Amino acid sequence: MIGKIKLPALEIFMTAVDVVEFSKILKDQIESVKFIKQFPWPDLNIPIFDVLDMEIAKNINFSIINTEILRIERYKKECVTHYPGCSYSGDIAGEGFIRFSCSCIADYAPESLMNGRLTATYDLVKEPETDKFVKAV
């Protein structure tokens with residue numbers, strides 16, 4: 001059976017304070033959630049957090065991973081690429097994880113936020129748990 005690929009994207013407008021609160025609420029709702037600060041990483045000691053703090057939440061992109069769907073060890077093995085002589089980077093969305101692109105201050109309106117985004121990519125048929133996770137987030 002051929003699956004149905006979903007590529008949902010939700011535009012968001014959150015300050016760093018909002019992002020920190022969002023991470024706390026999400027962690028309270030889904031205990032298996034962790035946050036991965038996006039690449040580049042100097043080694044396989046990937047920056048993973050239970051909740052976000054202000055420093056991480058300030059204009060840094062991260063992934064929200066559900067470790068019941070995708071264990072950290074599997075993420076490191078299947079989703080991380082090493083660029084010899086350079087660094088490591090990881091996939092930003094897929095089975096069991098969602099990309100969070102932070103909002104930023106709009107150059108054209110210093111008191112306004114430019115769009116951030118929550119995005120996911122998964123197969124509806126083959127990854128029903130990811131579908132539930134995406135809808136919960």
# chains A, B, ... in the order shown; residues from 1 in each chain; ligands from 1

call {"tool": "select_by_dssp", "arguments": {"residues": "chain A", "states": "helix (DSSP H, G or I)", "output": "PyMOL selection string"}}
result
chain A and resi 16-29+54-57+72-79+128-136

call {"tool": "write_last_selection", "arguments": {"atoms": "N, CA and C atoms", "output": "compact mmCIF listing (two decimals), in the first residue's frame"}}
result
# COMPACT_ATOMS: atom_id res chain seq x y z
N ALA A 16 10.79 34.70 22.67
CA ALA A 16 11.58 33.69 23.38
C ALA A 16 10.87 33.26 24.67
N VAL A 17 10.22 34.19 25.36
CA VAL A 17 9.46 33.87 26.57
C VAL A 17 8.34 32.89 26.23
N ASP A 18 7.64 33.15 25.11
CA ASP A 18 6.57 32.24 24.68
C ASP A 18 7.12 30.84 24.40
N VAL A 19 8.27 30.78 23.76
CA VAL A 19 8.88 29.49 23.39
C VAL A 19 9.23 28.69 24.65
N VAL A 20 9.80 29.36 25.65
CA VAL A 20 10.13 28.67 26.91
C VAL A 20 8.86 28.11 27.55
N GLU A 21 7.82 28.91 27.61
CA GLU A 21 6.55 28.46 28.19
C GLU A 21 5.94 27.31 27.38
N PHE A 22 6.00 27.44 26.05
CA PHE A 22 5.51 26.39 25.15
C PHE A 22 6.22 25.07 25.46
N SER A 23 7.55 25.12 25.64
CA SER A 23 8.30 23.89 25.91
C SER A 23 7.89 23.26 27.23
N LYS A 24 7.63 24.08 28.24
CA LYS A 24 7.21 23.56 29.54
C LYS A 24 5.83 22.90 29.46
N ILE A 25 4.91 23.58 28.78
CA ILE A 25 3.55 23.05 28.64
C ILE A 25 3.57 21.75 27.83
N LEU A 26 4.35 21.75 26.74
CA LEU A 26 4.43 20.55 25.91
C LEU A 26 5.02 19.38 26.70
N LYS A 27 6.05 19.65 27.48
CA LYS A 27 6.68 18.60 28.31
C LYS A 27 5.69 18.06 29.34
N ASP A 28 4.86 18.95 29.90
CA ASP A 28 3.84 18.51 30.86
C ASP A 28 2.80 17.61 30.19
N GLN A 29 2.49 17.90 28.94
CA GLN A 29 1.46 17.16 28.22
C GLN A 29 1.99 15.85 27.63
N MET A 54 15.85 30.50 28.14
CA MET A 54 15.82 31.72 27.33
C MET A 54 16.95 31.75 26.30
N GLU A 55 18.12 31.28 26.67
CA GLU A 55 19.26 31.33 25.74
C GLU A 55 19.00 30.48 24.50
N ILE A 56 18.45 29.31 24.69
CA ILE A 56 18.16 28.41 23.57
C ILE A 56 17.00 28.95 22.74
N ALA A 57 16.03 29.53 23.42
CA ALA A 57 14.81 29.98 22.75
C ALA A 57 15.00 31.23 21.89
N ILE A 72 16.56 8.52 21.03
CA ILE A 72 17.73 9.37 20.75
C ILE A 72 18.83 8.56 20.07
N GLU A 73 19.06 7.34 20.52
CA GLU A 73 20.11 6.50 19.93
C GLU A 73 19.83 6.25 18.44
N ARG A 74 18.56 5.97 18.13
CA ARG A 74 18.19 5.74 16.72
C ARG A 74 18.32 7.03 15.92
N TYR A 75 17.94 8.17 16.51
CA TYR A 75 18.10 9.46 15.84
C TYR A 75 19.57 9.67 15.47
N LYS A 76 20.46 9.43 16.43
CA LYS A 76 21.90 9.61 16.18
C LYS A 76 22.39 8.68 15.07
N LYS A 77 21.89 7.45 15.07
CA LYS A 77 22.34 6.45 14.09
C LYS A 77 21.78 6.70 12.69
N GLU A 78 20.49 7.05 12.60
CA GLU A 78 19.81 7.14 11.31
C GLU A 78 19.62 8.55 10.77
N CYS A 79 19.68 9.55 11.62
CA CYS A 79 19.30 10.90 11.19
C CYS A 79 20.43 11.91 11.25
N PRO A 128 1.45 6.29 11.88
CA PRO A 128 0.28 6.83 12.57
C PRO A 128 0.61 7.48 13.92
N GLU A 129 1.65 6.99 14.59
CA GLU A 129 2.04 7.58 15.88
C GLU A 129 2.58 9.00 15.69
N THR A 130 3.32 9.20 14.59
CA THR A 130 3.81 10.55 14.30
C THR A 130 2.65 11.47 13.99
N ASP A 131 1.65 10.97 13.28
CA ASP A 131 0.47 11.76 12.98
C ASP A 131 -0.21 12.23 14.28
N LYS A 132 -0.36 11.33 15.24
CA LYS A 132 -0.95 11.69 16.53
C LYS A 132 -0.09 12.73 17.25
N PHE A 133 1.23 12.54 17.21
CA PHE A 133 2.16 13.45 17.85
C PHE A 133 2.07 14.85 17.25
N VAL A 134 2.09 14.92 15.92
CA VAL A 134 1.99 16.21 15.23
C VAL A 134 0.70 16.92 15.62
N LYS A 135 -0.39 16.20 15.61
CA LYS A 135 -1.68 16.81 15.98
C LYS A 135 -1.70 17.26 17.43
N ALA A 136 -1.05 16.53 18.32
CA ALA A 136 -1.00 16.91 19.73
C ALA A 136 -0.19 18.19 19.94

call {"tool": "select_by_dssp", "arguments": {"residues": "region 24-122 of chain A", "states": "strand (DSSP E)", "output": "ChimeraX atom specification"}}
result
/A:33-37,48-49,62-66,80-82,88-90,97-101,104-106,109-114,116-119,122

call {"tool": "atom_distance", "arguments": {"atom1": "CA of Ser63 (chain A)", "atom2": "CA of Ile92 (chain A)"}}
result
5.9 Å

call {"tool": "residues_around", "arguments": {"residues": "Ala9 (chain A)", "least_positions_apart": "5", "cutoff": "8 Å", "atoms": "only C-alpha atoms", "output": "PDB file with all heavy atoms, in the first residue's frame"}}
result
ATOM      1  N   ARG A 117       7.845  28.878  12.399  1.00  0.00           N
ATOM      2  CA  ARG A 117       7.095  27.792  11.778  1.00  0.00           C
ATOM      3  C   ARG A 117       7.306  26.476  12.522  1.00  0.00           C
ATOM      4  O   ARG A 117       8.394  26.180  12.972  1.00  0.00           O
ATOM      5  CB  ARG A 117       7.584  27.658  10.338  1.00  0.00           C
ATOM      6  CG  ARG A 117       6.678  26.898   9.437  1.00  0.00           C
ATOM      7  CD  ARG A 117       7.142  27.011   7.990  1.00  0.00           C
ATOM      8  NE  ARG A 117       6.568  28.195   7.405  1.00  0.00           N
ATOM      9  CZ  ARG A 117       7.229  29.118   6.724  1.00  0.00           C
ATOM     10  NH1 ARG A 117       8.505  28.988   6.530  1.00  0.00           N
ATOM     11  NH2 ARG A 117       6.617  30.150   6.226  1.00  0.00           N
ATOM     12  N   LEU A 118       6.229  25.728  12.639  1.00  0.00           N
ATOM     13  CA  LEU A 118       6.289  24.331  13.053  1.00  0.00           C
ATOM     14  C   LEU A 118       6.043  23.517  11.798  1.00  0.00           C
ATOM     15  O   LEU A 118       5.041  23.736  11.115  1.00  0.00           O
ATOM     16  CB  LEU A 118       5.186  24.007  14.065  1.00  0.00           C
ATOM     17  CG  LEU A 118       5.416  24.405  15.508  1.00  0.00           C
ATOM     18  CD1 LEU A 118       4.119  24.268  16.298  1.00  0.00           C
ATOM     19  CD2 LEU A 118       6.496  23.560  16.135  1.00  0.00           C
ATOM     20  N   THR A 119       6.952  22.611  11.451  1.00  0.00           N
ATOM     21  CA  THR A 119       6.774  21.797  10.250  1.00  0.00           C
ATOM     22  C   THR A 119       7.060  20.328  10.551  1.00  0.00           C
ATOM     23  O   THR A 119       7.851  20.002  11.419  1.00  0.00           O
ATOM     24  CB  THR A 119       7.705  22.261   9.104  1.00  0.00           C
ATOM     25  OG1 THR A 119       9.045  22.291   9.570  1.00  0.00           O
ATOM     26  CG2 THR A 119       7.335  23.631   8.601  1.00  0.00           C
ATOM     27  N   ALA A 120       6.392  19.489   9.796  1.00  0.00           N
ATOM     28  CA  ALA A 120       6.581  18.050   9.936  1.00  0.00           C
ATOM     29  C   ALA A 120       6.514  17.408   8.555  1.00  0.00           C
ATOM     30  O   ALA A 120       5.949  17.974   7.626  1.00  0.00           O
ATOM     31  CB  ALA A 120       5.491  17.461  10.836  1.00  0.00           C
TER      32      ALA A 120
END

call {"tool": "atom_distance", "arguments": {"atom1": "CA of Phe35 (chain A)", "atom2": "CA of Ser87 (chain A)"}}
result
19.7 Å

call {"tool": "closest_residue", "arguments": {"among": "A:Thr15, A:Thr81, A:Asn61, A:Asn66", "to": "Pro42 (chain A)", "atoms": "only C-alpha atoms"}}
result
A:Thr81

call {"tool": "atom_distance", "arguments": {"atom1": "CA of Pro40 (chain A)", "atom2": "CA of Tyr108 (chain A)"}}
result
28.9 Å

call {"tool": "closest_residue", "arguments": {"among": "A:Glu31, A:Pro8, A:His82, A:Asp91", "to": "Asp43 (chain A)", "atoms": "only C-alpha atoms"}}
result
A:His82
